[in-house]
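Everything on this sheet refers to the single structure shown next.
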Amino acid sequence: MTATSDAHGQLRSGLWHTINERYPGSMITKSDDVPLASVRKPLRECRLTFVSTAGVQLKGSVPFDTVHPIGDYTFRRVPSSARPADLEIHQIKFPTVGAHRDLNVIFPIERLQELVAEGALGGLTASFFTFIGYNMDPDRVERDLAVRIADAVVEDQADIALMCPA
Amino acid sequence: MSVRYLKAALASGEAEKLIRFVRLHLGDGDEGVGRREIDKAWIRALELLLDVPATDRDFVLTTVREKDPATLAHLFFQLHFFLVRHSGEWIHDGDL
């Protein structure tokens, strides 16, 4: 726990109260703990995947459901070879002005492609994985959505994962 | 859990908790904004019908008759966002 954490271990003091005030009951306390896995080989030999809540998806795919009051528990595969021009964002809960100027600020696909080209990373999985963060049923996220994404990540033979909330 | 919170509120008849949740969703976390957004959608719907334009009533009746209640409830939320966008004043940060 850092000096700025509150009793729940949140890094931003007061964040817990703010979110529970705005989205009642949506913040949960986890008593169990999943230990981080160790990286077993150098990054230059690792295949990386990227999991993001930014709501980024291929143009023309079914838009994330941003209107549903309880959320959208689907995910999209985004080809790791995609260009920003191939992609769009369906999300109404965070400012997207900056991302529309440069998608990499929230979905750093070109930076990751560059790291592979430079040899800093061994490669990228065929797909990256995205969903939206507005999900009011954390149980469903944990026991359904997260499991399906984890299975897809394993199927894509990822060695390491970059996980980024929007 | 939020769903548990909502189900408990529903079971105990705490309507204010339920409508507050809807206002917060439609107002992106601001209840006052959500209240105005609901009003805005209804005002836009009324405005579109003021001159009694021809509408596809058969589509409306068929949809309500043939679709399940959950799909219609989902459509209700979709129509809210359609109407607020159609009003010309979009307060949300991103896109549907």
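Following the order of the structure tokens, chains are lettered A, B, ..., residues in each are numbered from 1, and ligands are numbered from 1.
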
### Message
For the structure I just gave you, how does DSSP split stretch 81-161 of chain A - specifically, which residues are helix (DSSP H, G or I)? Reply as number ranges by chain.
### Response
A: 84-86, 97-101, 103-105, 109-117, 138-155

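For B:Trp90, the non-local neighbours within 12 Å, defined as residues at least 5 positions apart in the same chain or in other chains and counting only C-alpha atoms, are Ile92 of chain A; Leu26, Gly27, Asp28, Val33, Arg36, Glu37, Lys40, Ala41, His80, Phe81, Phe82, Leu83, Val84, Arg85, Asp95 and Leu96 of chain B.
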
### Task
Output as a list in words the set of chain B residues within 8 Å of chain A, with distances taken over only C-alpha atoms.
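Only these qualify: Met1, Ser2, Val3, Arg4, Tyr5, Phe21, Val22, Leu24, His25, Asp28, Gly29, Asp30, His74, Phe77, Gln78, Phe81, His92, Asp93, Gly94, Asp95 and Leu96 of chain B.
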
Can you write out the residues you just picked, keeping C-alpha atoms, as a PDB file, in the first residue's frame?
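Saved the output as part-v2.pdb:
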ATOM      1  CA  MET B   1     -21.891  -5.405  -6.737  1.00  0.00           C
ATOM      2  CA  SER B   2     -23.964  -2.977  -8.653  1.00  0.00           C
ATOM      3  CA  VAL B   3     -26.356  -5.581 -10.011  1.00  0.00           C
ATOM      4  CA  ARG B   4     -26.820  -6.943  -6.508  1.00  0.00           C
ATOM      5  CA  TYR B   5     -27.411  -3.392  -5.308  1.00  0.00           C
ATOM      6  CA  PHE B  21     -28.890   4.659 -11.196  1.00  0.00           C
ATOM      7  CA  VAL B  22     -30.529   5.343 -14.565  1.00  0.00           C
ATOM      8  CA  LEU B  24     -26.268   8.450 -13.378  1.00  0.00           C
ATOM      9  CA  HIS B  25     -25.864   6.196 -16.433  1.00  0.00           C
ATOM     10  CA  ASP B  28     -22.230   9.931 -17.241  1.00  0.00           C
ATOM     11  CA  GLY B  29     -22.052   9.894 -13.465  1.00  0.00           C
ATOM     12  CA  ASP B  30     -23.863  13.200 -12.829  1.00  0.00           C
ATOM     13  CA  HIS B  74     -32.766  -2.340 -24.663  1.00  0.00           C
ATOM     14  CA  PHE B  77     -32.216   2.921 -23.928  1.00  0.00           C
ATOM     15  CA  GLN B  78     -30.983   3.001 -27.539  1.00  0.00           C
ATOM     16  CA  PHE B  81     -29.415   8.095 -26.931  1.00  0.00           C
ATOM     17  CA  HIS B  92     -21.069  12.549 -23.889  1.00  0.00           C
ATOM     18  CA  ASP B  93     -17.338  12.333 -24.458  1.00  0.00           C
ATOM     19  CA  GLY B  94     -17.269   9.627 -27.098  1.00  0.00           C
ATOM     20  CA  ASP B  95     -19.499   7.946 -29.645  1.00  0.00           C
ATOM     21  CA  LEU B  96     -22.082   5.178 -29.538  1.00  0.00           C
TER      22      LEU B  96
END

### Query
Which residues, written as a list in words, have at least one atom at most 6 Å from stretch 117-123 of chain A, with only C-alpha atoms counted and residues fewer than 2 positions away on the same chain left out?
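Contacts, with the query itself left out: Leu43, Arg44, Glu45, Cys46, Arg47, Glu114 and Leu115 of chain A.
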
Selected residues, C-alpha atoms, written as a PDB file, in the first residue's frame, please.
ATOM      1  CA  LEU A  43      11.445  -9.448 -23.677  1.00  0.00           C
ATOM      2  CA  ARG A  44      13.177  -9.655 -27.044  1.00  0.00           C
ATOM      3  CA  GLU A  45      12.032 -13.279 -27.193  1.00  0.00           C
ATOM      4  CA  CYS A  46       8.511 -12.718 -25.811  1.00  0.00           C
ATOM      5  CA  ARG A  47       5.286 -12.562 -27.775  1.00  0.00           C
ATOM      6  CA  GLU A 114       7.762  -0.339 -33.433  1.00  0.00           C
ATOM      7  CA  LEU A 115       9.112  -2.198 -30.399  1.00  0.00           C
TER       8      LEU A 115
END

#### Entry: Two-atom distance - atom CA of A:Gly71, atom CA of A:Gly133 (Å)
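Pair atom CA of A:Gly71 / atom CA of A:Gly133 returns 8.2 Å.
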
### Task
Apply DSSP to the structure's backbone, then extract all residues of stretch 30-165 of chain A labelled strand (DSSP E or B) and return them as a PyMOL selection string.
chain A and resi 47-52+54+56-58+71+76-79+87-89+91+123-124+127-130+132+135+160-164

### Message
I need the residue nearest A:Ala150 from this list: A:Asn104, A:Ser38, A:Thr49, A:Ser61. Use only C-alpha atoms for the distance.
### Response
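Using only C-alpha atoms, A:Ala150 sits closest to A:Thr49.
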
Applying 9 Å and only C-alpha atoms, which residues near A:Leu162 remain after dropping the ones on its own chain fewer than 6 positions away? List them as an mmCIF file with N, CA and C atoms, in the first residue's frame.
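Output file part-v3.cif follows:
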data_model
loop_
_atom_site.group_PDB
_atom_site.id
_atom_site.type_symbol
_atom_site.label_atom_id
_atom_site.label_comp_id
_atom_site.auth_asym_id
_atom_site.auth_seq_id
_atom_site.Cartn_x
_atom_site.Cartn_y
_atom_site.Cartn_z
ATOM 1 N N LEU A 48 4.017 -10.602 -27.136
ATOM 2 C CA LEU A 48 3.190 -9.782 -26.261
ATOM 3 C C LEU A 48 1.771 -9.661 -26.803
ATOM 4 N N THR A 49 0.809 -9.682 -25.889
ATOM 5 C CA THR A 49 -0.555 -9.324 -26.271
ATOM 6 C C THR A 49 -0.960 -8.069 -25.509
ATOM 7 N N PHE A 50 -2.012 -7.439 -25.980
ATOM 8 C CA PHE A 50 -2.471 -6.191 -25.385
ATOM 9 C C PHE A 50 -3.957 -6.331 -25.089
ATOM 10 N N VAL A 51 -4.336 -6.051 -23.829
ATOM 11 C CA VAL A 51 -5.739 -6.118 -23.420
ATOM 12 C C VAL A 51 -6.144 -4.733 -22.938
ATOM 13 N N SER A 52 -7.179 -4.181 -23.533
ATOM 14 C CA SER A 52 -7.534 -2.786 -23.286
ATOM 15 C C SER A 52 -9.034 -2.630 -23.070
#

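Between atom CA of A:Glu142 and atom CA of B:Arg20 there is a distance of 25.5 Å.
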
### Message
List the spatial neighbours of stretch 47-63 of chain B as a PyMOL selection string - criterion: any atom at most 12 Å away, only C-alpha atoms, same-chain residues fewer than 2 positions off excluded.
### Response
chain B and resi 40-45+65-69+71-73+75+83+86-87

Selected residues, C-alpha atoms, written as a PDB file, in the first residue's frame, please.
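Just written: result-v9.pdb:
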ATOM      1  CA  LYS B  40     -34.166  16.355 -23.424  1.00  0.00           C
ATOM      2  CA  ALA B  41     -34.960  13.010 -25.035  1.00  0.00           C
ATOM      3  CA  TRP B  42     -38.672  13.297 -24.280  1.00  0.00           C
ATOM      4  CA  ILE B  43     -38.787  16.899 -25.502  1.00  0.00           C
ATOM      5  CA  ARG B  44     -37.080  15.895 -28.751  1.00  0.00           C
ATOM      6  CA  ALA B  45     -39.501  12.985 -29.207  1.00  0.00           C
ATOM      7  CA  ARG B  65     -45.883  -7.260 -30.459  1.00  0.00           C
ATOM      8  CA  GLU B  66     -43.132  -9.551 -31.731  1.00  0.00           C
ATOM      9  CA  LYS B  67     -40.030  -8.657 -29.786  1.00  0.00           C
ATOM     10  CA  ASP B  68     -39.347  -9.821 -26.250  1.00  0.00           C
ATOM     11  CA  PRO B  69     -39.598  -7.315 -23.388  1.00  0.00           C
ATOM     12  CA  THR B  71     -35.084  -6.398 -26.349  1.00  0.00           C
ATOM     13  CA  LEU B  72     -37.666  -3.627 -26.171  1.00  0.00           C
ATOM     14  CA  ALA B  73     -36.141  -2.336 -22.927  1.00  0.00           C
ATOM     15  CA  LEU B  75     -34.324  -0.457 -27.566  1.00  0.00           C
ATOM     16  CA  LEU B  83     -33.068  11.251 -29.392  1.00  0.00           C
ATOM     17  CA  HIS B  86     -30.870  14.035 -32.670  1.00  0.00           C
ATOM     18  CA  SER B  87     -31.517  17.031 -30.410  1.00  0.00           C
TER      19      SER B  87
END

### Task
Give me the residues within 10 Å of A:Val78 as a list of chain:residue names, counting only C-alpha atoms and dropping any in the same chain fewer than 3 places off.
A:Phe50, A:Val51, A:Val56, A:Gln57, A:Leu58, A:Phe75, A:Ser81, A:Ala82, A:Asp86, A:Leu87, A:Ile109, A:Ala126, A:Ser127, A:Phe128, A:Phe129, A:Thr130
